[in-house]
Amino acid sequence: MSGIFEHNIRLSLQVIGGGFETALEDIIRQLESPPEHDGRRLTAWEMTREIAEAMGEGFAGLPPNGFDFGCWLWETAPLHVVTIPHANSIGTGHGYRYGVVHLRKIAAKLVGTYVQQQPQKAQNAVELIDMSLDWVDARNLTTYALVDFYDAHLETAEHELLALTAAQRSWRRLIPIGVAARRIGMRIRSSAPAFRILQQSVAHVDDPHVYQALRYAFRISGMYGDQHELITFLTTLQRDGGGKAASLLCEFLRNPRLRWEGSSREEMLQLLRHWRSSEQSDTGIRCIDEAIARLQIATD
């Protein structure tokens, strides 16, 4: 592994000197021909992580070309195909797409290294998400380049994140939801701003990508956050616009890893019964009935 690290430290020096195309060719060769370690060939994800971490170390002092390269790599990744050894059937069937995933993970990690230390670059990283090819792309950029920064500065950046919940460019709406999920899952005692963000994001639940991101955030809250605080939030949600959120509520409650304990289970059952009494759609009523039945079985 030390050989990979040293190789990519040298590669970062090429980038600093302006050799973007040469560095990209080298990265692709590494992904297509990974070395063996402990008797097995490294996976594409392991190589992606090793390359990004080593190059990030090579950009110590944050030379401007490191950030520029990360942005350039994100933009140019869709132009390249990476032939991943032993790719699964999905990867083989979508070779074009498969290469983009790994190149863009490296790009996002490098960009995130700079955003953490140079907050003024956060807006540049936000703009990159507009070029996302799909949910995976947008999630990776949010996770690797933006979540840590915004979580660390949530109290001062809340207004900016609330504005992003209603961004005209819909991929940007995922950023505040990702930040909210991180805060709720990792910092239970300071999650009020995160729930305010989710409250505003629900207004765009008709966007399928927002729906998917909210479902993830709700599950994180149910598994790792304060369940009583989550129920308080859901009660407000039901009062202010439960119709839009009913299917979202039911889907997140289907998660078999959720474990409702004692009083929180009773609070959730009470909320669901109240929600059902005001629900108007047959689909909403059925899914709430199913959720109630599952919780009651767990109680019994």
# chains A, B, ... in the order shown; residues from 1 in each chain; ligands from 1
call {"tool": "residues_around", "arguments": {"residues": "stretch 235-249 of chain A", "least_positions_apart": "6", "cutoff": "9 Å", "atoms": "only C-alpha atoms", "output": "VMD selection string"}}
result
chain A and resid 199 202 to 203 205 to 206 211 to 212 214 to 215 218 271 274 to 275 278 to 281 283 to 285 287 to 288
call {"tool": "write_last_selection", "arguments": {"atoms": "N, CA, C and O atoms", "output": "mmCIF file, in the first residue's frame"}}
result
data_model
loop_
_atom_site.group_PDB
_atom_site.id
_atom_site.type_symbol
_atom_site.label_atom_id
_atom_site.label_comp_id
_atom_site.auth_asym_id
_atom_site.auth_seq_id
_atom_site.Cartn_x
_atom_site.Cartn_y
_atom_site.Cartn_z
ATOM 1 N N GLN A 199 -37.990 20.149 7.620
ATOM 2 C CA GLN A 199 -39.340 20.699 7.552
ATOM 3 C C GLN A 199 -39.556 21.438 6.234
ATOM 4 O O GLN A 199 -40.591 21.274 5.569
ATOM 5 N N VAL A 202 -39.572 19.081 2.972
ATOM 6 C CA VAL A 202 -40.780 18.299 2.715
ATOM 7 C C VAL A 202 -41.685 18.989 1.697
ATOM 8 O O VAL A 202 -42.444 18.331 0.985
ATOM 9 N N ALA A 203 -41.580 20.307 1.570
ATOM 10 C CA ALA A 203 -42.388 21.022 0.587
ATOM 11 C C ALA A 203 -42.092 20.565 -0.841
ATOM 12 O O ALA A 203 -42.906 20.754 -1.744
ATOM 13 N N VAL A 205 -41.298 17.287 -1.626
ATOM 14 C CA VAL A 205 -41.295 15.829 -1.570
ATOM 15 C C VAL A 205 -41.777 15.213 -2.878
ATOM 16 O O VAL A 205 -41.527 14.033 -3.154
ATOM 17 N N ASP A 206 -42.434 15.985 -3.733
ATOM 18 C CA ASP A 206 -42.861 15.465 -5.039
ATOM 19 C C ASP A 206 -41.682 15.232 -5.974
ATOM 20 O O ASP A 206 -41.812 14.500 -6.960
ATOM 21 N N TYR A 211 -37.494 13.075 -2.292
ATOM 22 C CA TYR A 211 -38.206 12.017 -1.567
ATOM 23 C C TYR A 211 -37.229 10.953 -1.067
ATOM 24 O O TYR A 211 -37.254 10.550 0.106
ATOM 25 N N GLN A 212 -36.344 10.511 -1.959
ATOM 26 C CA GLN A 212 -35.385 9.474 -1.590
ATOM 27 C C GLN A 212 -34.429 9.970 -0.508
ATOM 28 O O GLN A 212 -34.104 9.235 0.435
ATOM 29 N N LEU A 214 -35.023 12.373 1.715
ATOM 30 C CA LEU A 214 -35.760 12.521 2.971
ATOM 31 C C LEU A 214 -35.999 11.171 3.641
ATOM 32 O O LEU A 214 -35.902 11.047 4.870
ATOM 33 N N ARG A 215 -36.296 10.176 2.842
ATOM 34 C CA ARG A 215 -36.485 8.832 3.415
ATOM 35 C C ARG A 215 -35.215 8.379 4.134
ATOM 36 O O ARG A 215 -35.276 7.822 5.231
ATOM 37 N N PHE A 218 -34.892 10.394 7.419
ATOM 38 C CA PHE A 218 -35.823 9.915 8.438
ATOM 39 C C PHE A 218 -35.318 8.611 9.057
ATOM 40 O O PHE A 218 -35.418 8.396 10.266
ATOM 41 N N LEU A 271 -49.292 8.965 17.312
ATOM 42 C CA LEU A 271 -49.156 9.844 16.150
ATOM 43 C C LEU A 271 -49.803 9.224 14.915
ATOM 44 O O LEU A 271 -50.549 9.886 14.193
ATOM 45 N N HIS A 274 -53.585 9.320 15.026
ATOM 46 C CA HIS A 274 -54.071 10.672 14.772
ATOM 47 C C HIS A 274 -53.917 11.020 13.304
ATOM 48 O O HIS A 274 -54.793 11.651 12.694
ATOM 49 N N TRP A 275 -52.799 10.613 12.724
ATOM 50 C CA TRP A 275 -52.532 10.887 11.307
ATOM 51 C C TRP A 275 -53.586 10.190 10.438
ATOM 52 O O TRP A 275 -54.107 10.762 9.485
ATOM 53 N N SER A 278 -56.991 11.911 10.003
ATOM 54 C CA SER A 278 -57.075 13.085 9.128
ATOM 55 C C SER A 278 -56.628 12.793 7.701
ATOM 56 O O SER A 278 -56.724 13.659 6.830
ATOM 57 N N GLU A 279 -56.151 11.559 7.449
ATOM 58 C CA GLU A 279 -55.681 11.201 6.110
ATOM 59 C C GLU A 279 -56.868 10.988 5.179
ATOM 60 O O GLU A 279 -57.870 10.365 5.550
ATOM 61 N N GLN A 280 -56.768 11.508 3.952
ATOM 62 C CA GLN A 280 -57.898 11.453 3.022
ATOM 63 C C GLN A 280 -57.704 10.456 1.892
ATOM 64 O O GLN A 280 -58.685 9.990 1.303
ATOM 65 N N SER A 281 -56.468 10.112 1.562
ATOM 66 C CA SER A 281 -56.254 9.199 0.439
ATOM 67 C C SER A 281 -56.312 7.749 0.917
ATOM 68 O O SER A 281 -55.854 7.423 2.015
ATOM 69 N N THR A 283 -54.674 5.261 -0.310
ATOM 70 C CA THR A 283 -53.307 4.736 -0.240
ATOM 71 C C THR A 283 -52.660 5.109 1.083
ATOM 72 O O THR A 283 -52.007 4.286 1.748
ATOM 73 N N GLY A 284 -52.846 6.368 1.501
ATOM 74 C CA GLY A 284 -52.284 6.834 2.759
ATOM 75 C C GLY A 284 -52.852 6.087 3.951
ATOM 76 O O GLY A 284 -52.123 5.708 4.871
ATOM 77 N N ILE A 285 -54.166 5.856 3.930
ATOM 78 C CA ILE A 285 -54.812 5.143 5.034
ATOM 79 C C ILE A 285 -54.291 3.717 5.128
ATOM 80 O O ILE A 285 -53.988 3.211 6.221
ATOM 81 N N CYS A 287 -51.401 2.473 4.088
ATOM 82 C CA CYS A 287 -50.012 2.349 4.534
ATOM 83 C C CYS A 287 -49.883 2.692 6.016
ATOM 84 O O CYS A 287 -49.074 2.093 6.731
ATOM 85 N N ILE A 288 -50.701 3.622 6.509
ATOM 86 C CA ILE A 288 -50.670 3.943 7.943
ATOM 87 C C ILE A 288 -51.197 2.759 8.752
ATOM 88 O O ILE A 288 -50.650 2.419 9.812
#
call {"tool": "closest_residue", "arguments": {"among": "A:Pro119, A:Pro78, A:Pro208, A:Gly58", "to": "A:His102", "atoms": "only C-alpha atoms"}}
result
A:Pro78
call {"tool": "residues_around", "arguments": {"residues": "A:Ala77", "least_positions_apart": "3", "cutoff": "8 Å", "atoms": "only C-alpha atoms", "output": "list of chain:residue names"}}
result
A:Leu73, A:Trp74, A:His80, A:Gly99, A:Val100, A:Leu103, A:Arg104
call {"tool": "residues_around", "arguments": {"residues": "A:Glu229", "least_positions_apart": "2", "cutoff": "10 Å", "atoms": "only C-alpha atoms", "output": "MDAnalysis selection string"}}
result
chainID A and resid 184 188:189 191:192 195 221:222 225:227 231:235 264
call {"tool": "residues_around", "arguments": {"residues": "stretch 168-183 of chain A", "least_positions_apart": "3", "cutoff": "6 Å", "atoms": "only C-alpha atoms", "output": "PyMOL selection string"}}
result
chain A and resi 142+147+151+161+164-165+186-187+191+194+217
call {"tool": "atom_distance", "arguments": {"atom1": "atom CA of A:Gly17", "atom2": "atom CA of A:Gly3"}}
result
21.6 Å
call {"tool": "residues_around", "arguments": {"residues": "stretch 33-50 of chain A", "least_positions_apart": "3", "cutoff": "9 Å", "atoms": "only C-alpha atoms", "output": "NGL selection string"}}
result
:A and (1 or 4-5 or 8 or 27-30 or 53-55 or 84-87 or 102-103 or 105-106 or 109)
call {"tool": "closest_residue", "arguments": {"among": "A:Arg219, A:Arg139, A:Leu198, A:Leu269", "to": "A:Gly185", "atoms": "only C-alpha atoms"}}
result
A:Arg219
call {"tool": "select_by_dssp", "arguments": {"residues": "stretch 19-171 of chain A", "states": "strand (DSSP E)", "output": "ChimeraX atom specification"}}
result
/A:36-37,40-41
call {"tool": "write_last_selection", "arguments": {"atoms": "all heavy atoms", "output": "tab-separated table (two decimals), in the first residue's frame"}}
result
chain	number	residue	atom	x	y	z
A	36	GLU	N	-1.97	-6.29	-6.19
A	36	GLU	CA	-2.44	-7.26	-5.20
A	36	GLU	C	-1.92	-6.86	-3.82
A	36	GLU	O	-0.85	-6.28	-3.68
A	36	GLU	CB	-1.96	-8.67	-5.55
A	36	GLU	CG	-2.65	-9.25	-6.77
A	36	GLU	CD	-2.35	-10.73	-6.95
A	36	GLU	OE1	-1.58	-11.28	-6.13
A	36	GLU	OE2	-2.88	-11.33	-7.90
A	37	HIS	N	-2.72	-7.18	-2.81
A	37	HIS	CA	-2.33	-6.93	-1.43
A	37	HIS	C	-2.89	-8.05	-0.57
A	37	HIS	O	-4.09	-8.37	-0.64
A	37	HIS	CB	-2.88	-5.57	-0.96
A	37	HIS	CG	-2.51	-5.22	0.45
A	37	HIS	ND1	-1.23	-4.95	0.83
A	37	HIS	CD2	-3.28	-5.14	1.57
A	37	HIS	CE1	-1.20	-4.69	2.13
A	37	HIS	NE2	-2.44	-4.80	2.60
A	40	ARG	N	-4.71	-10.81	-2.60
A	40	ARG	CA	-5.90	-10.52	-3.41
A	40	ARG	C	-5.71	-9.18	-4.12
A	40	ARG	O	-4.97	-8.31	-3.67
A	40	ARG	CB	-7.16	-10.47	-2.55
A	40	ARG	CG	-7.18	-9.33	-1.56
A	40	ARG	CD	-8.52	-9.23	-0.83
A	40	ARG	NE	-8.53	-8.13	0.12
A	40	ARG	CZ	-8.81	-6.87	-0.21
A	40	ARG	NH1	-9.11	-6.56	-1.47
A	40	ARG	NH2	-8.81	-5.92	0.71
A	41	ARG	N	-6.43	-9.03	-5.22
A	41	ARG	CA	-6.36	-7.78	-5.97
A	41	ARG	C	-7.26	-6.74	-5.31
A	41	ARG	O	-8.39	-7.05	-4.90
A	41	ARG	CB	-6.81	-8.02	-7.41
A	41	ARG	CG	-6.53	-6.85	-8.36
A	41	ARG	CD	-6.87	-7.23	-9.79
A	41	ARG	NE	-6.04	-8.31	-10.29
A	41	ARG	CZ	-4.81	-8.15	-10.78
A	41	ARG	NH1	-4.28	-6.93	-10.83
A	41	ARG	NH2	-4.13	-9.18	-11.22
call {"tool": "select_by_dssp", "arguments": {"residues": "stretch 87-264 of chain A", "states": "alpha helix (DSSP H)", "output": "ChimeraX atom specification"}}
result
/A:89-93,95-117,122-128,135-141,147-152,154-164,174-186,192-201,208-224,227-253,262-264
call {"tool": "residues_around", "arguments": {"residues": "A:Trp260", "least_positions_apart": "4", "cutoff": "10 Å", "atoms": "only C-alpha atoms", "output": "VMD selection string"}}
result
chain A and resid 222 to 223 227 264 to 268 295 298 to 299
call {"tool": "write_last_selection", "arguments": {"atoms": "N, CA, C and O atoms", "output": "PDB file, in the first residue's frame"}}
result
ATOM      1  N   GLY A 222     -34.466   7.858  12.911  1.00  0.00           N
ATOM      2  CA  GLY A 222     -35.104   6.801  13.681  1.00  0.00           C
ATOM      3  C   GLY A 222     -34.122   5.825  14.295  1.00  0.00           C
ATOM      4  O   GLY A 222     -34.334   5.321  15.400  1.00  0.00           O
ATOM      5  N   MET A 223     -33.009   5.558  13.589  1.00  0.00           N
ATOM      6  CA  MET A 223     -32.053   4.564  14.079  1.00  0.00           C
ATOM      7  C   MET A 223     -31.008   5.148  15.030  1.00  0.00           C
ATOM      8  O   MET A 223     -30.589   4.492  15.984  1.00  0.00           O
ATOM      9  N   GLN A 227     -35.423   9.619  19.223  1.00  0.00           N
ATOM     10  CA  GLN A 227     -36.719   9.241  18.659  1.00  0.00           C
ATOM     11  C   GLN A 227     -37.848  10.140  19.152  1.00  0.00           C
ATOM     12  O   GLN A 227     -38.795  10.416  18.417  1.00  0.00           O
ATOM     13  N   SER A 264     -41.379   5.678  23.318  1.00  0.00           N
ATOM     14  CA  SER A 264     -41.305   6.187  21.948  1.00  0.00           C
ATOM     15  C   SER A 264     -42.217   5.375  21.022  1.00  0.00           C
ATOM     16  O   SER A 264     -42.817   5.929  20.094  1.00  0.00           O
ATOM     17  N   ARG A 265     -42.355   4.070  21.259  1.00  0.00           N
ATOM     18  CA  ARG A 265     -43.276   3.257  20.465  1.00  0.00           C
ATOM     19  C   ARG A 265     -44.706   3.718  20.693  1.00  0.00           C
ATOM     20  O   ARG A 265     -45.497   3.846  19.750  1.00  0.00           O
ATOM     21  N   GLU A 266     -45.065   3.970  21.943  1.00  0.00           N
ATOM     22  CA  GLU A 266     -46.427   4.416  22.236  1.00  0.00           C
ATOM     23  C   GLU A 266     -46.697   5.796  21.624  1.00  0.00           C
ATOM     24  O   GLU A 266     -47.786   6.052  21.108  1.00  0.00           O
ATOM     25  N   GLU A 267     -45.704   6.677  21.675  1.00  0.00           N
ATOM     26  CA  GLU A 267     -45.859   7.996  21.056  1.00  0.00           C
ATOM     27  C   GLU A 267     -46.069   7.863  19.556  1.00  0.00           C
ATOM     28  O   GLU A 267     -46.900   8.566  18.964  1.00  0.00           O
ATOM     29  N   MET A 268     -45.306   6.960  18.907  1.00  0.00           N
ATOM     30  CA  MET A 268     -45.441   6.774  17.465  1.00  0.00           C
ATOM     31  C   MET A 268     -46.809   6.195  17.115  1.00  0.00           C
ATOM     32  O   MET A 268     -47.451   6.620  16.146  1.00  0.00           O
ATOM     33  N   LEU A 295     -46.173  -1.993  14.323  1.00  0.00           N
ATOM     34  CA  LEU A 295     -45.769  -1.521  15.648  1.00  0.00           C
ATOM     35  C   LEU A 295     -46.508  -2.259  16.755  1.00  0.00           C
ATOM     36  O   LEU A 295     -45.951  -2.548  17.811  1.00  0.00           O
ATOM     37  N   ALA A 298     -44.943  -5.626  17.259  1.00  0.00           N
ATOM     38  CA  ALA A 298     -43.688  -5.469  17.994  1.00  0.00           C
ATOM     39  C   ALA A 298     -43.964  -5.272  19.493  1.00  0.00           C
ATOM     40  O   ALA A 298     -43.227  -5.751  20.356  1.00  0.00           O
ATOM     41  N   THR A 299     -45.067  -4.582  19.801  1.00  0.00           N
ATOM     42  CA  THR A 299     -45.447  -4.338  21.194  1.00  0.00           C
ATOM     43  C   THR A 299     -45.869  -5.637  21.871  1.00  0.00           C
ATOM     44  O   THR A 299     -45.506  -5.933  23.009  1.00  0.00           O
TER      45      THR A 299
END
call {"tool": "atom_distance", "arguments": {"atom1": "atom CA of A:Phe69", "atom2": "atom CA of A:Ser2"}}
result
23.4 Å
call {"tool": "closest_residue", "arguments": {"among": "A:Asp148, A:Asp68, A:Glu155, A:Asp137", "to": "A:Lys121", "atoms": "only C-alpha atoms"}}
result
A:Asp68
call {"tool": "closest_residue", "arguments": {"among": "A:Val101, A:Ile197, A:Ile292, A:Ala108", "to": "A:Gly56", "atoms": "only C-alpha atoms"}}
result
A:Ala108
